[in-house]
file model_35.txt (compact mmCIF, C-alpha atoms)
# COMPACT_ATOMS: atom_id res chain seq x y z
CA MET A 179 36.32 -20.11 -9.99
CA ARG A 180 35.86 -16.39 -9.58
CA GLN A 181 32.48 -15.46 -8.15
CA PRO A 182 30.55 -12.55 -9.67
CA SER A 183 30.64 -9.56 -7.35
CA PHE A 184 26.90 -9.59 -6.59
CA VAL A 185 27.19 -13.06 -5.07
CA PHE A 186 29.98 -11.78 -2.86
CA LEU A 187 27.77 -8.87 -1.81
CA LYS A 188 24.82 -11.16 -1.13
CA GLU A 189 26.85 -13.45 1.07
CA ASN A 190 28.01 -10.53 3.15
CA MET A 191 24.52 -9.28 3.93
CA LYS A 192 22.35 -10.84 6.57
CA ALA A 193 18.93 -12.33 5.82
CA LYS A 194 16.03 -10.16 6.92
CA THR A 195 14.38 -12.18 9.67
CA ILE A 196 10.68 -13.08 9.39
CA GLU A 197 8.73 -12.03 12.47
CA LYS A 198 5.48 -13.73 11.47
CA ILE A 199 3.36 -14.82 8.53
CA LEU A 200 -0.23 -13.74 9.06
CA PRO A 201 -3.31 -15.16 7.29
CA PRO A 202 -5.92 -12.52 6.40
CA PRO A 203 -7.89 -11.28 9.44
CA ALA A 204 -11.72 -11.41 9.28
CA PRO A 205 -12.96 -8.93 6.66
CA HIS A 206 -15.18 -5.92 7.24
CA MET A 207 -16.99 -3.61 4.84
CA VAL A 208 -15.88 -0.06 4.11
CA GLY A 209 -19.06 1.51 2.77
CA ASP A 210 -20.72 -1.14 0.61
CA GLY A 211 -17.96 -1.37 -2.02
CA PHE A 212 -14.84 -2.57 -0.23
CA ARG A 213 -14.63 -5.84 1.66
CA VAL A 214 -11.28 -5.48 3.37
CA HIS A 215 -8.92 -7.34 5.66
CA ASN A 216 -7.13 -4.87 7.92
CA PHE A 217 -3.64 -6.34 8.28
CA PHE A 218 -2.40 -3.48 10.40
CA PRO A 219 -2.74 -2.01 12.84
CA SER A 220 -5.61 -4.25 14.02
CA GLY A 221 -4.78 -7.54 12.26
CA LEU A 222 -1.29 -7.69 13.65
CA ASN A 223 -2.41 -6.14 16.93
CA MET A 224 0.60 -3.89 16.74
CA ALA A 225 1.61 -0.60 18.28
CA ASN A 226 0.52 2.23 16.02
CA ASN A 227 4.07 2.98 14.92
CA ARG A 228 5.26 -0.60 14.29
CA MET A 229 4.86 -0.22 10.52
CA SER A 230 5.63 3.53 10.41
CA PRO A 231 5.45 5.38 8.05
CA PHE A 232 2.56 3.10 7.01
CA LEU A 233 -0.12 3.65 9.61
CA MET B 228 -3.02 1.22 7.98
CA MET B 229 -3.29 -1.42 5.30
CA ASP B 230 -6.72 -2.53 4.11
CA TYR B 231 -6.70 -5.36 1.59
CA ASN B 232 -9.73 -6.23 -0.50
CA SER B 233 -8.83 -9.81 -1.36
CA LYS B 234 -10.17 -10.98 -4.71
CA ILE B 235 -13.95 -11.31 -4.66
CA ASP B 236 -16.65 -11.18 -7.30
CA PHE B 237 -19.13 -8.34 -7.08
CA SER B 238 -22.48 -8.95 -8.75
CA PRO B 239 -23.57 -6.48 -11.47
CA ARG B 240 -25.28 -3.39 -10.10
CA GLU B 241 -26.65 -0.19 -11.70
CA LYS B 242 -25.81 2.07 -8.75
CA PRO B 243 -22.09 1.73 -8.00
CA ARG B 244 -21.07 0.47 -4.60
CA GLY B 245 -18.49 2.44 -2.67
CA VAL B 246 -17.82 4.81 0.18
CA GLY B 247 -19.29 8.31 0.32
CA VAL B 248 -17.74 11.68 1.11
CA HIS B 249 -15.24 11.60 3.96
CA PRO B 250 -12.32 13.77 5.10
CA HIS B 251 -8.60 13.07 5.54
CA ARG B 252 -5.84 15.21 7.06
CA GLY B 253 -2.19 14.66 7.94
CA PHE B 254 -1.27 11.69 5.72
CA GLU B 255 -1.41 10.10 2.27
CA THR B 256 -3.55 7.30 0.89
CA VAL B 257 -2.15 4.90 -1.69
CA THR B 258 -4.58 2.78 -3.70
CA ILE B 259 -3.33 -0.11 -5.83
CA ALA B 260 -5.83 -1.90 -8.07
CA TYR B 261 -5.22 -5.55 -9.00
CA GLN B 262 -8.71 -6.33 -10.36
CA GLY B 263 -11.67 -4.09 -11.16
CA LYS B 264 -11.89 -0.30 -11.43
CA ILE B 265 -12.35 2.44 -8.85
CA ALA B 266 -13.61 5.96 -9.55
CA HIS B 267 -12.77 8.80 -7.18
CA HIS B 268 -13.71 12.47 -6.76
CA ASP B 269 -12.47 15.07 -4.30
CA SER B 270 -13.14 18.56 -2.99
CA THR B 271 -10.24 20.11 -4.94
CA GLY B 272 -11.97 19.18 -8.20
CA ASN B 273 -9.84 16.15 -9.00
CA SER B 274 -11.37 12.95 -10.25
CA GLY B 275 -10.13 9.86 -12.00
CA ILE B 276 -10.31 6.13 -12.49
CA ILE B 277 -7.89 3.62 -11.03
CA SER B 278 -7.80 0.59 -13.34
CA LYS B 279 -6.22 -2.83 -12.96
CA GLY B 280 -2.46 -2.42 -12.41
CA ASP B 281 -2.62 1.34 -11.70
CA VAL B 282 -1.60 3.21 -8.57
CA GLN B 283 -3.07 6.35 -7.09
CA TRP B 284 -1.00 8.22 -4.51
CA MET B 285 -3.10 10.91 -2.85
CA THR B 286 -1.50 13.40 -0.47
CA ALA B 287 -4.37 14.57 1.73
CA ALA B 288 -1.98 16.68 3.86
CA SER B 289 -3.84 19.84 5.06
CA GLY B 290 -7.20 18.33 4.23
CA ILE B 291 -9.39 16.93 1.54
CA LEU B 292 -12.87 15.48 1.15
CA HIS B 293 -13.16 12.55 -1.18
CA LYS B 294 -15.34 9.61 -2.18
CA GLU B 295 -14.48 6.32 -3.83
CA TYR B 296 -16.80 4.09 -5.82
CA HIS B 297 -16.69 1.18 -8.20
CA GLU B 298 -16.35 2.67 -11.67
CA GLU B 299 -19.73 2.80 -13.42
CA GLU B 300 -19.13 0.32 -16.25
CA PHE B 301 -17.36 -2.10 -13.90
CA SER B 302 -20.29 -1.85 -11.52
CA LYS B 303 -22.77 -2.62 -14.32
CA SER B 304 -20.83 -5.65 -15.55
CA GLY B 305 -19.68 -6.88 -12.11
CA GLY B 306 -16.72 -9.21 -11.76
CA PRO B 307 -13.52 -9.72 -9.79
CA PHE B 308 -12.39 -6.86 -7.57
CA GLN B 309 -9.08 -6.74 -5.71
CA MET B 310 -7.18 -3.78 -4.28
CA ILE B 311 -4.99 -2.44 -1.50
CA GLN B 312 -5.37 0.83 0.32
CA LEU B 313 -2.49 2.01 2.46
CA TRP B 314 -2.12 5.06 4.67
CA VAL B 315 1.30 6.69 4.65
CA ASN B 316 2.08 9.11 7.46
CA LEU B 317 3.60 12.52 6.76
CA PRO B 318 6.36 14.12 8.83
CA ALA B 319 5.10 16.96 11.08
CA LYS B 320 6.59 19.64 8.83
CA ASP B 321 4.56 18.42 5.81
CA LYS B 322 1.21 17.58 7.45
CA MET B 323 -0.31 20.93 6.52
CA SER B 324 1.13 21.11 2.99
CA LYS B 325 -1.11 21.44 -0.05
CA PRO B 326 -3.07 18.34 -1.12
CA LYS B 327 -1.92 16.68 -4.36
CA TYR B 328 -2.37 13.59 -6.50
CA GLN B 329 -0.03 11.27 -8.31
CA ALA B 330 -2.02 9.10 -10.70
CA ILE B 331 0.43 6.47 -11.96
CA ALA B 332 -0.80 4.24 -14.76
CA ASN B 333 0.66 0.76 -14.99
CA ASN B 334 2.74 1.65 -18.08
CA GLU B 335 4.36 4.51 -16.13
CA LEU B 336 5.68 2.29 -13.32
CA GLY B 337 9.40 1.50 -13.28
CA LYS B 338 9.95 -2.05 -14.61
CA TYR B 339 12.75 -4.51 -13.87
CA SER B 340 12.61 -7.73 -15.91
CA LEU B 341 13.21 -11.04 -14.15
CA ASP B 342 15.09 -13.93 -15.78
CA ASN B 343 12.14 -16.29 -16.09
CA GLY B 344 9.64 -13.89 -17.65
CA GLY B 345 8.51 -12.10 -14.51
CA VAL B 346 8.72 -8.40 -13.83
CA VAL B 347 9.12 -6.12 -10.82
CA GLU B 348 7.00 -2.96 -10.98
CA ILE B 349 8.60 -0.22 -8.93
CA ILE B 350 6.01 2.15 -7.48
CA ALA B 351 8.35 4.06 -5.13
CA GLY B 352 12.02 3.84 -4.23
CA GLU B 353 14.52 1.89 -6.30
CA PHE B 354 14.89 -1.78 -7.18
CA LYS B 355 18.26 -2.90 -8.55
CA GLY B 356 18.84 0.49 -10.15
CA VAL B 357 15.30 1.03 -11.50
CA LYS B 358 13.44 3.91 -9.89
CA GLY B 359 9.76 4.24 -9.08
CA ARG B 360 7.69 7.16 -10.27
CA ALA B 361 6.03 8.18 -6.99
CA SER B 362 7.60 11.00 -5.04
CA THR B 363 7.46 10.46 -1.30
CA PHE B 364 8.01 12.73 1.71
CA THR B 365 10.15 10.16 3.56
CA PRO B 366 12.12 7.18 2.17
CA VAL B 367 9.75 4.43 0.96
CA GLU B 368 10.29 1.28 -1.10
CA MET B 369 7.15 -0.11 -2.74
CA TYR B 370 7.04 -2.76 -5.48
CA ASN B 371 4.85 -5.37 -7.11
CA ILE B 372 6.87 -8.49 -7.83
CA ARG B 373 5.20 -10.51 -10.61
CA ILE B 374 7.19 -13.73 -10.58
CA LYS B 375 6.63 -16.94 -12.56
CA LYS B 376 6.45 -20.44 -11.06
CA ASP B 377 9.89 -21.72 -9.98
CA GLY B 378 11.37 -18.22 -10.31
CA GLU B 379 13.84 -17.15 -7.65
CA LEU B 380 14.71 -13.65 -6.55
CA THR B 381 16.97 -12.08 -3.96
CA PHE B 382 16.91 -8.40 -3.07
CA ASN B 383 17.75 -6.09 -0.21
CA LEU B 384 15.78 -3.65 1.92
CA PRO B 385 17.40 -1.40 4.54
CA GLU B 386 17.65 -3.01 7.98
CA ASN B 387 15.97 -0.15 9.87
CA PHE B 388 12.98 0.17 7.49
CA ASN B 389 9.69 -1.37 8.64
CA SER B 390 9.00 -4.01 6.00
CA GLY B 391 6.39 -6.52 4.90
CA ILE B 392 5.18 -8.48 1.88
CA LEU B 393 1.58 -9.30 0.95
CA VAL B 394 1.03 -12.35 -1.24
CA VAL B 395 -1.59 -10.99 -3.66
CA GLU B 396 -1.56 -14.04 -5.93
CA GLY B 397 0.06 -17.43 -5.83
CA GLU B 398 2.26 -19.08 -3.28
CA VAL B 399 5.92 -18.50 -2.43
CA LYS B 400 8.64 -19.49 -0.03
CA VAL B 401 10.51 -16.70 1.75
CA HIS B 402 13.75 -17.95 3.29
CA GLY B 403 12.23 -21.41 2.82
CA GLN B 404 9.05 -20.58 4.78
CA LYS B 405 5.81 -21.04 2.87
CA ALA B 406 3.47 -18.06 2.46
CA LEU B 407 0.03 -18.62 0.88
CA THR B 408 -2.26 -16.32 -1.13
CA ASP B 409 -3.51 -13.34 0.92
CA ASN B 410 -0.92 -13.88 3.67
CA PHE B 411 1.18 -11.02 5.00
CA ILE B 412 4.83 -11.55 5.88
CA LEU B 413 6.08 -9.18 8.57
CA PHE B 414 9.84 -8.78 8.90
CA LYS B 415 11.85 -7.91 11.97
CA ASN B 416 14.18 -4.92 11.71
CA GLU B 417 17.13 -7.28 11.40
CA GLY B 418 19.12 -8.05 8.27
CA GLU B 419 18.66 -6.78 4.71
CA THR B 420 18.37 -9.68 2.29
CA ILE B 421 15.08 -11.30 1.23
CA SER B 422 15.15 -14.54 -0.80
CA ILE B 423 12.03 -15.67 -2.59
CA LYS B 424 11.13 -18.79 -4.52
CA ALA B 425 7.80 -18.93 -6.33
CA ASP B 426 5.87 -22.21 -6.04
CA GLU B 427 3.24 -20.81 -8.44
CA ASP B 428 2.90 -17.77 -10.68
CA SER B 429 2.69 -15.12 -7.99
CA ILE B 430 2.22 -11.40 -7.30
CA LEU B 431 3.89 -10.01 -4.19
CA PHE B 432 3.31 -6.50 -2.85
CA VAL B 433 6.45 -5.28 -1.07
CA LEU B 434 6.34 -2.30 1.26
CA SER B 435 9.19 -0.92 3.28
CA GLY B 436 9.74 2.49 4.82
CA GLU B 437 11.96 4.48 7.11
CA PRO B 438 10.07 5.01 10.39
CA ILE B 439 8.91 8.54 11.22
CA ASN B 440 9.86 8.89 14.86
CA GLU B 441 7.36 11.56 15.86
CA PRO B 442 4.37 11.47 18.22
CA ILE B 443 1.08 10.20 16.78
CA ALA B 444 -2.38 11.53 17.58
CA ALA B 445 -4.96 9.71 15.50
CA TYR B 446 -8.74 9.88 15.37
CA GLY B 447 -10.68 8.31 12.52
CA PRO B 448 -9.58 9.99 9.28
CA PHE B 449 -7.19 12.45 10.96
CA LEU B 450 -3.56 11.60 11.69
CA MET B 451 -1.67 14.34 13.51
CA ASN B 452 1.06 14.75 16.14
CA THR B 453 -0.85 16.30 19.07
CA HIS B 454 -4.31 16.23 20.58
CA GLU B 455 -4.64 19.99 19.89
CA GLU B 456 -4.00 19.40 16.18
CA LEU B 457 -6.69 16.70 16.14
CA GLN B 458 -9.15 19.10 17.76
CA GLN B 459 -8.21 21.71 15.17
CA ALA B 460 -8.78 19.18 12.36
CA MET B 461 -12.28 18.41 13.67
CA ASP B 462 -13.09 22.11 14.09
CA ASP B 463 -11.85 22.89 10.58
CA PHE B 464 -13.86 19.99 9.17
CA ASN B 465 -17.02 21.08 11.01
CA LYS B 466 -16.56 24.66 9.75
CA GLY B 467 -16.37 23.45 6.16
CA LYS B 468 -12.69 24.32 5.69
CA PHE B 469 -12.04 21.05 3.86
CA GLY B 470 -14.16 22.36 0.99
CA TYR B 471 -17.30 20.85 -0.50
CA LEU B 472 -18.01 17.64 -2.35
CA GLU B 473 -21.44 16.43 -3.40
CA ASP B 474 -22.32 12.98 -2.03
call {"tool": "encode", "arguments": {"input": "model_35.txt", "output": "structure tokens"}}
result
Amino acid sequence: MRQPSFVFLKENMKAKTIEKILPPPAPHMVGDGFRVHNFFPSGLNMANNRMSPFL
Amino acid sequence: MMDYNSKIDFSPREKPRGVGVHPHRGFETVTIAYQGKIAHHDSTGNSGIISKGDVQWMTAASGILHKEYHEEEFSKSGGPFQMIQLWVNLPAKDKMSKPKYQAIANNELGKYSLDNGGVVEIIAGEFKGVKGRASTFTPVEMYNIRIKKDGELTFNLPENFNSGILVVEGEVKVHGQKALTDNFILFKNEGETISIKADEDSILFVLSGEPINEPIAAYGPFLMNTHEELQQAMDDFNKGKFGYLED
């Protein structure tokens, strides 16, 4: 049976590898209105350009 | 930077909680509200409200003072509050450009319908031919995937883009690996295809961007390329060159 072209395309691309799955780091308050988990840079303990341009 | 206010209930309060006047220079802030309402004001005279499902993309660039609070009526009633704030770096040539805002209401986001009743909201970039509304200085892909239980989805992101997914609601498997609510999935810069299966009704925040390969000099709310530029930012701030905003 003829496969639709998008399946062909999908099979020719490589899966994006997972580096890690991180639970939320301990929260801290920003002012008194935002209780936030900082995933990066501090949560993932990563170099400051690892998620560039998000930094 | 990515700060995530996971879903929590704030008690009712007359005086809105928030964060007072503070400066930014050299980058953009992106605020995405999932629950609750945020009010903001800045030194260029802009103000607005970011409601559930909306996105605010603020280009601080050459410098801005702003403050962010729970919106007054939301503060009085209290209730669930959930949001993301991201910092997006600017290339050196645009760091001192004019500040601007893109307030994107939920009904203005690009929408791609999924087979089982879900939808992908495209904030920036392009998802299967549907474009996002936000204009960006460097290539960025940013989506909310709202997928129903047992839904499956496969899509591609460029190999060299730094990429991650935050599970805002629900529970999914990515390439067969389980990711729970409030977990962040970081991808290596290998491969393009991401395959998702939803174990529950889920919301996934996808972010992916082409790296800016320039030096970084960062101090608090300033994100520049050199130490001299940081010093200049502090001097300009201290001299009142970021304008004025009442606290």
call {"tool": "residues_around", "arguments": {"input": "model_35.txt", "residues": "range 209-220 of chain A", "least_positions_apart": "6", "cutoff": "8 Å", "atoms": "all atoms listed in the file", "output": "list in words"}}
result
Pro202, Pro203, Asn226, Met229 and Leu233 of chain A; Met228, Met229, Asp230, Tyr231, Asn232, Ser233, Pro243, Arg244, Gly245, Val246, Gly247, Tyr296, His297 and Phe411 of chain B
call {"tool": "closest_residue", "arguments": {"input": "model_35.txt", "among": "B:Leu292, B:Met323, B:Ile439, B:Ala260", "to": "chain A", "atoms": "all atoms listed in the file"}}
result
B:Ile439
call {"tool": "residues_near_point", "arguments": {"input": "model_35.txt", "point": "(6.8, -10.6, 6.8)", "cutoff": "6 Å", "atoms": "only C-alpha atoms", "output": "PyMOL selection string"}}
result
(chain A and resi 196+198-199) or (chain B and resi 391-392+411-414)
call {"tool": "closest_residue", "arguments": {"input": "model_35.txt", "among": "B:Glu299, B:Asp269, B:Glu241, B:Glu255", "to": "Thr286 in chain B", "atoms": "only C-alpha atoms"}}
result
B:Glu255
call {"tool": "atom_distance", "arguments": {"input": "model_35.txt", "atom1": "CA of Leu341 in chain B", "atom2": "CA of Ile259 in chain B"}}
result
21.5 Å
call {"tool": "residues_near_point", "arguments": {"input": "model_35.txt", "point": "(8.6, 3.6, -13.5)", "cutoff": "9 Å", "atoms": "all atoms listed in the file", "output": "PyMOL selection string"}}
result
chain B and resi 331+333-338+348-351+357-361
call {"tool": "atom_distance", "arguments": {"input": "model_35.txt", "atom1": "CA of Leu313 in chain B", "atom2": "CA of Pro250 in chain B"}}
result
15.6 Å
call {"tool": "residues_around", "arguments": {"input": "model_35.txt", "residues": "Glu437 in chain B", "least_positions_apart": "6", "cutoff": "9 Å", "atoms": "all atoms listed in the file", "output": "list in words"}}
result
Ser230 and Pro231 of chain A; Thr365, Pro366, Val367, Glu368, Pro385, Asn387, Phe388 and Asn389 of chain B
call {"tool": "residues_around", "arguments": {"input": "model_35.txt", "residues": "Leu393 in chain B", "least_positions_apart": "2", "cutoff": "6 Å", "atoms": "all atoms listed in the file", "output": "VMD selection string"}}
result
chain B and resid 395 410 to 411 431 to 432
call {"tool": "atom_distance", "arguments": {"input": "model_35.txt", "atom1": "CA of Ala204 in chain A", "atom2": "CA of Phe308 in chain B"}}
result
17.5 Å
call {"tool": "decode", "arguments": {"input": "model_35.txt", "residues": "range 202-233 of chain A", "atoms": "N, CA and C atoms", "output": "PDB file, in the first residue's frame"}}
result
ATOM      1  N   PRO A 202      10.019  20.137  38.963  1.00  0.00           N
ATOM      2  CA  PRO A 202      10.202  21.560  39.267  1.00  0.00           C
ATOM      3  C   PRO A 202      11.174  21.771  40.422  1.00  0.00           C
ATOM      4  N   PRO A 203      12.164  22.666  40.251  1.00  0.00           N
ATOM      5  CA  PRO A 203      13.063  22.988  41.362  1.00  0.00           C
ATOM      6  C   PRO A 203      12.290  23.703  42.467  1.00  0.00           C
ATOM      7  N   ALA A 204      12.887  23.800  43.666  1.00  0.00           N
ATOM      8  CA  ALA A 204      12.213  24.474  44.796  1.00  0.00           C
ATOM      9  C   ALA A 204      11.814  25.889  44.384  1.00  0.00           C
ATOM     10  N   PRO A 205      10.582  26.300  44.746  1.00  0.00           N
ATOM     11  CA  PRO A 205      10.128  27.638  44.323  1.00  0.00           C
ATOM     12  C   PRO A 205      10.728  28.759  45.172  1.00  0.00           C
ATOM     13  N   HIS A 206      10.742  29.955  44.596  1.00  0.00           N
ATOM     14  CA  HIS A 206      11.062  31.159  45.364  1.00  0.00           C
ATOM     15  C   HIS A 206      10.074  32.244  44.971  1.00  0.00           C
ATOM     16  N   MET A 207       9.982  33.285  45.803  1.00  0.00           N
ATOM     17  CA  MET A 207       9.041  34.363  45.518  1.00  0.00           C
ATOM     18  C   MET A 207       9.727  35.468  44.728  1.00  0.00           C
ATOM     19  N   VAL A 208       9.022  35.977  43.714  1.00  0.00           N
ATOM     20  CA  VAL A 208       9.436  37.206  43.040  1.00  0.00           C
ATOM     21  C   VAL A 208       8.429  38.254  43.497  1.00  0.00           C
ATOM     22  N   GLY A 209       8.913  39.240  44.261  1.00  0.00           N
ATOM     23  CA  GLY A 209       8.003  40.144  44.962  1.00  0.00           C
ATOM     24  C   GLY A 209       7.150  39.291  45.888  1.00  0.00           C
ATOM     25  N   ASP A 210       5.871  39.663  46.054  1.00  0.00           N
ATOM     26  CA  ASP A 210       4.990  38.806  46.852  1.00  0.00           C
ATOM     27  C   ASP A 210       3.881  38.193  45.993  1.00  0.00           C
ATOM     28  N   GLY A 211       4.006  38.325  44.649  1.00  0.00           N
ATOM     29  CA  GLY A 211       2.911  37.886  43.785  1.00  0.00           C
ATOM     30  C   GLY A 211       3.216  36.696  42.898  1.00  0.00           C
ATOM     31  N   PHE A 212       4.477  36.303  42.832  1.00  0.00           N
ATOM     32  CA  PHE A 212       4.852  35.237  41.897  1.00  0.00           C
ATOM     33  C   PHE A 212       5.691  34.201  42.641  1.00  0.00           C
ATOM     34  N   ARG A 213       5.146  33.006  42.704  1.00  0.00           N
ATOM     35  CA  ARG A 213       5.860  31.912  43.387  1.00  0.00           C
ATOM     36  C   ARG A 213       6.386  31.008  42.275  1.00  0.00           C
ATOM     37  N   VAL A 214       7.665  31.161  41.954  1.00  0.00           N
ATOM     38  CA  VAL A 214       8.163  30.567  40.710  1.00  0.00           C
ATOM     39  C   VAL A 214       9.232  29.498  40.927  1.00  0.00           C
ATOM     40  N   HIS A 215       9.209  28.548  39.995  1.00  0.00           N
ATOM     41  CA  HIS A 215      10.276  27.557  39.867  1.00  0.00           C
ATOM     42  C   HIS A 215      11.181  28.050  38.742  1.00  0.00           C
ATOM     43  N   ASN A 216      12.449  28.243  39.015  1.00  0.00           N
ATOM     44  CA  ASN A 216      13.361  28.669  37.953  1.00  0.00           C
ATOM     45  C   ASN A 216      13.962  27.418  37.302  1.00  0.00           C
ATOM     46  N   PHE A 217      13.434  27.059  36.135  1.00  0.00           N
ATOM     47  CA  PHE A 217      13.943  25.855  35.466  1.00  0.00           C
ATOM     48  C   PHE A 217      15.328  26.080  34.888  1.00  0.00           C
ATOM     49  N   PHE A 218      15.552  27.251  34.304  1.00  0.00           N
ATOM     50  CA  PHE A 218      16.897  27.562  33.857  1.00  0.00           C
ATOM     51  C   PHE A 218      17.111  29.052  33.945  1.00  0.00           C
ATOM     52  N   PRO A 219      18.343  29.468  34.239  1.00  0.00           N
ATOM     53  CA  PRO A 219      19.529  28.621  34.264  1.00  0.00           C
ATOM     54  C   PRO A 219      19.706  27.789  35.538  1.00  0.00           C
ATOM     55  N   SER A 220      19.147  28.249  36.699  1.00  0.00           N
ATOM     56  CA  SER A 220      19.589  27.609  37.948  1.00  0.00           C
ATOM     57  C   SER A 220      19.083  26.184  38.105  1.00  0.00           C
ATOM     58  N   GLY A 221      17.799  25.922  37.727  1.00  0.00           N
ATOM     59  CA  GLY A 221      17.229  24.595  37.954  1.00  0.00           C
ATOM     60  C   GLY A 221      17.975  23.497  37.224  1.00  0.00           C
ATOM     61  N   LEU A 222      18.393  23.807  36.022  1.00  0.00           N
ATOM     62  CA  LEU A 222      19.118  22.799  35.244  1.00  0.00           C
ATOM     63  C   LEU A 222      20.625  22.958  35.391  1.00  0.00           C
ATOM     64  N   ASN A 223      21.029  23.910  36.256  1.00  0.00           N
ATOM     65  CA  ASN A 223      22.440  24.114  36.533  1.00  0.00           C
ATOM     66  C   ASN A 223      23.241  24.174  35.243  1.00  0.00           C
ATOM     67  N   MET A 224      22.756  24.962  34.304  1.00  0.00           N
ATOM     68  CA  MET A 224      23.350  24.923  32.971  1.00  0.00           C
ATOM     69  C   MET A 224      24.174  26.175  32.683  1.00  0.00           C
ATOM     70  N   ALA A 225      25.058  26.048  31.732  1.00  0.00           N
ATOM     71  CA  ALA A 225      25.820  27.204  31.271  1.00  0.00           C
ATOM     72  C   ALA A 225      24.822  28.254  30.779  1.00  0.00           C
ATOM     73  N   ASN A 226      25.195  29.536  30.890  1.00  0.00           N
ATOM     74  CA  ASN A 226      24.193  30.562  30.630  1.00  0.00           C
ATOM     75  C   ASN A 226      23.774  30.677  29.158  1.00  0.00           C
ATOM     76  N   ASN A 227      24.415  29.925  28.291  1.00  0.00           N
ATOM     77  CA  ASN A 227      23.953  29.949  26.895  1.00  0.00           C
ATOM     78  C   ASN A 227      23.350  28.624  26.437  1.00  0.00           C
ATOM     79  N   ARG A 228      23.149  27.672  27.369  1.00  0.00           N
ATOM     80  CA  ARG A 228      22.654  26.352  26.967  1.00  0.00           C
ATOM     81  C   ARG A 228      21.283  26.433  26.317  1.00  0.00           C
ATOM     82  N   MET A 229      20.428  27.350  26.791  1.00  0.00           N
ATOM     83  CA  MET A 229      19.090  27.472  26.208  1.00  0.00           C
ATOM     84  C   MET A 229      18.964  28.718  25.327  1.00  0.00           C
ATOM     85  N   SER A 230      20.087  29.336  24.992  1.00  0.00           N
ATOM     86  CA  SER A 230      20.064  30.529  24.132  1.00  0.00           C
ATOM     87  C   SER A 230      19.155  30.298  22.929  1.00  0.00           C
ATOM     88  N   PRO A 231      18.302  31.246  22.546  1.00  0.00           N
ATOM     89  CA  PRO A 231      18.251  32.644  22.999  1.00  0.00           C
ATOM     90  C   PRO A 231      17.426  32.871  24.274  1.00  0.00           C
ATOM     91  N   PHE A 232      16.976  31.790  24.925  1.00  0.00           N
ATOM     92  CA  PHE A 232      16.187  31.962  26.153  1.00  0.00           C
ATOM     93  C   PHE A 232      17.163  31.970  27.326  1.00  0.00           C
ATOM     94  N   LEU A 233      17.413  33.121  27.887  1.00  0.00           N
ATOM     95  CA  LEU A 233      18.335  33.141  29.019  1.00  0.00           C
ATOM     96  C   LEU A 233      18.127  34.398  29.826  1.00  0.00           C
TER      97      LEU A 233
END
